Amino acid sequence: MSGRRDPIRVAARGVAAAGICILMVAVWPRVVAAHTFHASLTQIEVNASANTVEVGIRVFVDDLEEALTRRTGRRVRLGTTVGFDALALDYVSASLGIEGANGKRLAFSWIGRETSVDVVWLFVEAPLNGQLDGGRLENKLFFELFDDQVNTVNIKDGKRRTTLTFSTGDGAKQIGFSVDS
């Protein structure tokens, strides 16, 4: 039988290869969607003319869905859950705390969201009476989910900028701009 192919083996290999391809197509989106690092990015900007703080928060969709599911005790999905935006606002308000220099916590209003593939930007704003410099900030997004969660917050007030980083277990931190900024 040298040089000749066994048609049964050829067919079996073809079926096995097709099965592996089907399995890869079914599993690949889940592998791509999963991420091995847990991080969020928050951009805070003082709008002096409107006397507001504008906040954009970039998070992974699956992390947000899991946090909201645990918080509500029911399955929450971005594209299908009625009232998703209100749930997201409640979660952000509970997890991201900003106090102005006067010591008063800012109350967020929902602006909207933008989704792309596995990431969503959440947009909120709050009226600001006074200034942020000398205030306090806390960002505990997803700390209840991941021990290795890291939340980076970039703050811009006119030409002044600062960055704060939060890890699981961190409390509120002082907002301060360096003399050079």
# chains A, B, ... in the order shown; residues from 1 in each chain; ligands from 1
call {"tool": "residues_around", "arguments": {"residues": "region 45-57 of chain A", "least_positions_apart": "2", "cutoff": "8 Å", "atoms": "only C-alpha atoms", "output": "PyMOL selection string"}}
result
chain A and resi 40-43+59+121-129+155-158
call {"tool": "select_by_dssp", "arguments": {"residues": "region 31-163 of chain A", "states": "strand (DSSP E or B)", "output": "MDAnalysis selection string"}}
result
chainID A and resid 39:47 52:60 96:99 105 109:116 119:127 136:139 150:157 160:163
call {"tool": "closest_atom_pairs", "arguments": {"of": "region 102-150 of chain A", "to": "region 74-79 of chain A", "cutoff": "12 Å", "atoms": "only C-alpha atoms", "output": "tab-separated table"}}
result
residue	atom	partner	partner_atom	distance
A:Arg113	CA	A:Leu78	CA	10.5
A:Glu114	CA	A:Leu78	CA	11.1
A:Thr115	CA	A:Leu78	CA	9.2
A:Ser116	CA	A:Leu78	CA	11.7
A:Val117	CA	A:Leu78	CA	11.6
A:Asp118	CA	A:Leu78	CA	10.7
A:Val119	CA	A:Leu78	CA	10.9
A:Val120	CA	A:Leu78	CA	9.4
A:Leu122	CA	A:Leu78	CA	11.8
call {"tool": "atom_distance", "arguments": {"atom1": "CA of Thr36 (chain A)", "atom2": "CA of Thr163 (chain A)"}}
result
23.5 Å
call {"tool": "residues_around", "arguments": {"residues": "Gly97 (chain A)", "least_positions_apart": "3", "cutoff": "8 Å", "atoms": "only C-alpha atoms", "output": "list of chain:residue names"}}
result
A:Ser93, A:Ala94, A:Arg105, A:Leu106, A:Arg136, A:Leu137, A:Glu138, A:Asn139
call {"tool": "closest_atom_pairs", "arguments": {"of": "region 35-101 of chain A", "to": "region 166-181 of chain A", "cutoff": "9 Å", "atoms": "only C-alpha atoms", "output": "Markdown table"}}
result
| residue | atom | partner | partner_atom | distance |
| --- | --- | --- | --- | --- |
| A:Gly97 | CA | A:Ala172 | CA | 8.1 |
| A:Ile98 | CA | A:Ala172 | CA | 8.8 |
| A:Gly100 | CA | A:Ile175 | CA | 8.9 |
| A:Ala101 | CA | A:Ile175 | CA | 8.7 |
call {"tool": "write_last_selection", "arguments": {"atoms": "C-alpha atoms", "output": "PDB file, in the first residue's frame"}}
result
ATOM      1  CA  GLY A  97     -16.727  59.585  44.150  1.00  0.00           C
ATOM      2  CA  ILE A  98     -15.561  63.123  43.558  1.00  0.00           C
ATOM      3  CA  GLY A 100     -14.811  69.360  45.439  1.00  0.00           C
ATOM      4  CA  ALA A 101     -12.472  71.459  47.544  1.00  0.00           C
TER       5      ALA A 101
END
call {"tool": "atom_distance", "arguments": {"atom1": "CA of Arg160 (chain A)", "atom2": "CA of Ala107 (chain A)"}}
result
23.0 Å
call {"tool": "closest_residue", "arguments": {"among": "A:His38, A:Arg70, A:Lys104, A:Arg58", "to": "Gly134 (chain A)", "atoms": "only C-alpha atoms"}}
result
A:Lys104
call {"tool": "atom_distance", "arguments": {"atom1": "CA of Glu144 (chain A)", "atom2": "CA of Val61 (chain A)"}}
result
15.9 Å
